[in-house]
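> Provided herewith is a single structure, encoded as structure tokens, for subsequent inquiry.
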Amino acid sequence: MNDLLPLWISLAVLLLAGLGFVGVSTSRRSKTLPPAERRAEIEDARTDDDRTDDDAATRPAGATDVLDLPPTETEVGVDPDVAVPEVVVDVPEPPAGRLVRLRERLARSGSPLGARLLAVLSRDNLTEDDWDELEETLLLADVGAGPATELIDKLRTQVRVQGVKDPASVRAMLRSALVELVDPTLDRSLSTSATTTDGVKVPAVVLVVGVNGTGKTTTVGKLTRVLVADGNEVILGAADTFRAAAADQLTTWGERVGVETVRSFKDGADPAAVAFDAVKTGKERGVDVVLVDTAGRLQNKAGLMDELGKISRVITKEAPLTEVLLVLDATTGQNGLNQARVFAEVAGVTGIVLTKLDGTAKGGIVVAVQRELGVPVKLVGLGEGPDDLAPFDPEEFVDGLLQG
Ligand SMILES: Nc1nc2c(ncn2[C@@H]2O[C@H](COP(=O)(O)OP(=O)(O)OP(=O)(O)O)[C@@H](O)[C@H]2O)c(=O)[nH]1
């Protein structure tokens, strides 16, 4: 019997370890959303009497199909007797302080603008050639002609008047001039609540627009995480009905943080109808924010007017459109600016999301786009990771540019 004692002890240890493992996986499970329950909830919303009666009058043609679920077998695509895997809900990173990642990302994408400016400014007795070099550096970094001249004039005056020499003072002078250029006085907050003209609380509605491939769907996904991390309840509207995979992509982003997506399962469905239903559902659920993704558009003014105009009109039947975010790809530089101008004219843009800032050393586009449109950069994309979207802060941004 004594010979068997070590064996009994080992078995007891294994048993206890097994119980511990079950405990961990149960606590993970308590943070999950079973898809079947979610589906039942959406079905409830769909069969709600309130929807079918009221909507017919106000809803645009085609909208009745939007919340129609596909037949269960095509949605789940597995034997109904087989357990459906549960979706584990992520806890997104807190948004504050994410911009510090910019330093590391800029370092990877080549010599950053700030470092090049510092190198010239630190020379003894700056000559005309040095000032020309500074200006050229700013132009190459997409700062734009007007802001570049403004910055050079300011630095020239300060160097002449103050005779700044030591590296720390040169750095401080450049930092404060760049911060001023990026403009810390602009309101960069995102509205997360709204009220109707009668004072009734409704969700804040954020419409996300831009040309193809700038990162709209990814941005909506990342922004969902930012809003969830800040404690908001969110619903997504997949109004990009042009690219079939966009709604699936968005649904996956939402599921990862327990957020529902209102979408159509019909090819080429009316995007305005999807947007309308997303806002209506958001209102019914009492969420804080409805985020609406749209299809990428070329800068064709007439087409833009029609589609985006229709989307905005139907949204405002349900709730005020609180924010129109224009997604711009930072790597497209001045070309991006031409697109931006057209969007700003037709879509009433209230904020810019500058994506792929990790892929360029030309941080100057932040300044150019704000100047050109008179609209603040509110968020920046810093990579392909789920939490690589940061609220924009001028001081942190300039510190990123000026990394040594
Ligand atoms: N490096 C980097 N890649 C990004 C960033 N934001 C988006 N992307 C990538 O850009 C590509 C296009 O993103 P999407 O979100 O599909 O673009 P979209 O604008 O919705 O595209 P359309 O619907 O076709 O107009 C994807 O590969 C994204 O991972 C970013 O901040 N940094």
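A note on labels: chains of the structure tokens are A, B, ... as shown, every chain counts residues from 1, and ligands are counted from 1 in their shown order.
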Which of stretch 245-402 of chain A end up as strand (DSSP E or B) when DSSP is run on this backbone - answer as a PyMOL selection string?
chain A and resi 260-262+289-294+321-329+351-355+377-381+389-391
> With C-alpha atoms retained, could you export that selection as a PDB file, in the first residue's frame?

```pdb
ATOM      1  CA  GLU A 260     -24.505  43.867 -32.580  1.00  0.00           C
ATOM      2  CA  THR A 261     -24.383  44.732 -36.265  1.00  0.00           C
ATOM      3  CA  VAL A 262     -27.485  45.635 -38.259  1.00  0.00           C
ATOM      4  CA  VAL A 289     -23.818  55.448 -30.146  1.00  0.00           C
ATOM      5  CA  VAL A 290     -24.769  54.068 -33.568  1.00  0.00           C
ATOM      6  CA  LEU A 291     -21.757  53.771 -35.884  1.00  0.00           C
ATOM      7  CA  VAL A 292     -22.573  53.534 -39.585  1.00  0.00           C
ATOM      8  CA  ASP A 293     -20.005  52.228 -42.094  1.00  0.00           C
ATOM      9  CA  THR A 294     -20.489  53.244 -45.746  1.00  0.00           C
ATOM     10  CA  LEU A 321     -26.544  62.964 -37.263  1.00  0.00           C
ATOM     11  CA  THR A 322     -24.013  63.971 -34.639  1.00  0.00           C
ATOM     12  CA  GLU A 323     -20.787  63.246 -36.461  1.00  0.00           C
ATOM     13  CA  VAL A 324     -19.567  62.608 -40.015  1.00  0.00           C
ATOM     14  CA  LEU A 325     -16.050  61.182 -39.894  1.00  0.00           C
ATOM     15  CA  LEU A 326     -13.979  61.287 -43.053  1.00  0.00           C
ATOM     16  CA  VAL A 327     -11.390  58.509 -43.199  1.00  0.00           C
ATOM     17  CA  LEU A 328      -8.212  59.531 -45.043  1.00  0.00           C
ATOM     18  CA  ASP A 329      -5.165  57.412 -45.775  1.00  0.00           C
ATOM     19  CA  GLY A 351     -13.907  65.195 -38.067  1.00  0.00           C
ATOM     20  CA  ILE A 352     -11.019  63.427 -39.805  1.00  0.00           C
ATOM     21  CA  VAL A 353      -9.647  59.976 -39.079  1.00  0.00           C
ATOM     22  CA  LEU A 354      -6.138  59.750 -40.490  1.00  0.00           C
ATOM     23  CA  THR A 355      -5.302  56.073 -40.990  1.00  0.00           C
ATOM     24  CA  VAL A 377      -8.213  65.373 -36.954  1.00  0.00           C
ATOM     25  CA  LYS A 378      -9.995  63.434 -34.208  1.00  0.00           C
ATOM     26  CA  LEU A 379      -8.452  59.969 -34.447  1.00  0.00           C
ATOM     27  CA  VAL A 380      -5.368  58.421 -36.005  1.00  0.00           C
ATOM     28  CA  GLY A 381      -4.734  54.852 -37.183  1.00  0.00           C
ATOM     29  CA  LEU A 389      -6.607  53.648 -33.221  1.00  0.00           C
ATOM     30  CA  ALA A 390      -5.791  56.568 -30.958  1.00  0.00           C
ATOM     31  CA  PRO A 391      -7.671  59.735 -30.041  1.00  0.00           C
TER      32      PRO A 391
END
```
> Please find the residues contacting ligand 1 at a distance of at most 9 Å between atoms, with only C-alpha atoms and all ligand atoms counted, and report them as a PDB file with C-alpha atoms, in the first residue's frame.

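Contents of pocket_7.pdb, freshly written:
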```pdb
ATOM      1  CA  VAL A 209     -17.255  58.053 -45.108  1.00  0.00           C
ATOM      2  CA  GLY A 210     -14.289  58.075 -47.478  1.00  0.00           C
ATOM      3  CA  VAL A 211     -12.836  56.677 -50.702  1.00  0.00           C
ATOM      4  CA  ASN A 212     -12.084  53.006 -51.297  1.00  0.00           C
ATOM      5  CA  GLY A 213      -9.539  51.232 -49.184  1.00  0.00           C
ATOM      6  CA  THR A 214      -8.723  54.092 -46.813  1.00  0.00           C
ATOM      7  CA  GLY A 215      -9.637  51.903 -43.840  1.00  0.00           C
ATOM      8  CA  LYS A 216     -13.270  52.806 -43.136  1.00  0.00           C
ATOM      9  CA  THR A 217     -14.513  49.386 -42.034  1.00  0.00           C
ATOM     10  CA  THR A 218     -11.383  48.755 -39.978  1.00  0.00           C
ATOM     11  CA  THR A 219     -11.779  52.199 -38.402  1.00  0.00           C
ATOM     12  CA  VAL A 220     -15.427  51.529 -37.500  1.00  0.00           C
ATOM     13  CA  GLY A 221     -14.285  48.250 -35.903  1.00  0.00           C
ATOM     14  CA  LYS A 222     -11.494  49.926 -33.951  1.00  0.00           C
ATOM     15  CA  ASP A 240     -21.339  49.276 -47.068  1.00  0.00           C
ATOM     16  CA  PHE A 242     -21.318  47.345 -52.158  1.00  0.00           C
ATOM     17  CA  ARG A 243     -18.471  45.132 -50.919  1.00  0.00           C
ATOM     18  CA  ALA A 245     -17.318  41.039 -47.257  1.00  0.00           C
ATOM     19  CA  ALA A 246     -17.612  44.421 -45.505  1.00  0.00           C
ATOM     20  CA  GLN A 249     -15.894  42.047 -41.488  1.00  0.00           C
ATOM     21  CA  ASP A 293     -20.005  52.228 -42.094  1.00  0.00           C
ATOM     22  CA  THR A 294     -20.489  53.244 -45.746  1.00  0.00           C
ATOM     23  CA  ALA A 295     -19.086  51.986 -49.040  1.00  0.00           C
ATOM     24  CA  GLY A 296     -15.942  53.567 -50.469  1.00  0.00           C
ATOM     25  CA  ARG A 297     -16.742  56.218 -53.048  1.00  0.00           C
ATOM     26  CA  VAL A 327     -11.390  58.509 -43.199  1.00  0.00           C
ATOM     27  CA  LEU A 328      -8.212  59.531 -45.043  1.00  0.00           C
ATOM     28  CA  ASP A 329      -5.165  57.412 -45.775  1.00  0.00           C
ATOM     29  CA  ALA A 330      -2.125  59.380 -44.508  1.00  0.00           C
ATOM     30  CA  LEU A 354      -6.138  59.750 -40.490  1.00  0.00           C
ATOM     31  CA  THR A 355      -5.302  56.073 -40.990  1.00  0.00           C
ATOM     32  CA  LYS A 356      -1.976  54.351 -41.713  1.00  0.00           C
ATOM     33  CA  LEU A 357       0.064  57.025 -39.971  1.00  0.00           C
ATOM     34  CA  ASP A 358       2.336  54.118 -39.064  1.00  0.00           C
ATOM     35  CA  GLY A 359       3.168  53.720 -42.758  1.00  0.00           C
ATOM     36  CA  VAL A 380      -5.368  58.421 -36.005  1.00  0.00           C
ATOM     37  CA  GLY A 381      -4.734  54.852 -37.183  1.00  0.00           C
ATOM     38  CA  LEU A 382      -1.390  53.527 -36.036  1.00  0.00           C
ATOM     39  CA  GLY A 383      -1.396  49.965 -37.334  1.00  0.00           C
ATOM     40  CA  GLU A 384      -3.458  46.914 -38.147  1.00  0.00           C
ATOM     41  CA  GLY A 385      -3.951  45.737 -34.561  1.00  0.00           C
ATOM     42  CA  ASP A 388      -4.283  50.648 -33.062  1.00  0.00           C
ATOM     43  CA  LEU A 389      -6.607  53.648 -33.221  1.00  0.00           C
TER      44      LEU A 389
END
```
> Need to verify the contact set: stretch 143-152 of chain A, 10 Å, only C-alpha atoms, exclusion of same-chain residues closer than 5 positions in sequence. Can you return it as a list in words?
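The neighbour list is Leu113, Trp131, Asp132, Leu134, Glu135, Glu136, Thr137, Leu138, Thr157, Gln158, Leu174, Ala177, Leu178, Glu180, Leu181, Val182, Gly333, Gln334, Lys362, Gly363, Gly364, Ile365, Val366, Val367, Ala368, Val369, Arg371 and Glu372 of chain A.
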> Between atom CA of A:Thr185 and atom CA of A:Ala115, what is the distance in Å, rounded to a tenth?
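Computing it gives 24.8 Å between the two atoms.
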> With the cut-off set at 8 Å and counting only C-alpha atoms, tabulate each residue of stretch 204-295 of chain A with an atom at most that distance from an atom of stretch 91-95 of chain A, showing the nearest atom pair and its distance in Å to one decimal, ordered by chain and increasing number, as CSV.

```
residue,atom,partner,partner_atom,distance
A:Arg225,CA,A:Pro92,CA,5.7
A:Val226,CA,A:Pro95,CA,5.8
A:Val228,CA,A:Pro92,CA,7.4
A:Ala229,CA,A:Pro92,CA,5.6
A:Asp230,CA,A:Pro94,CA,7.2
A:Val257,CA,A:Val91,CA,7.0
```
> Distance atom CA of A:Ala278-atom CA of A:Gly199, one decimal place?
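Computing it gives 21.1 Å between the two atoms.
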> What's the 8 Å shell around A:Ala272, counting only C-alpha atoms, without same-chain residues fewer than 6 positions away, as number ranges by chain?
A: 60, 239, 307, 310-312, 314-315
> What is the distance between atom CA of A:Arg256 and atom CA of A:Thr224, in Å to one decimal?
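Taking atom CA of A:Arg256 as the start and atom CA of A:Thr224 as the end point, the length is 10.0 Å.
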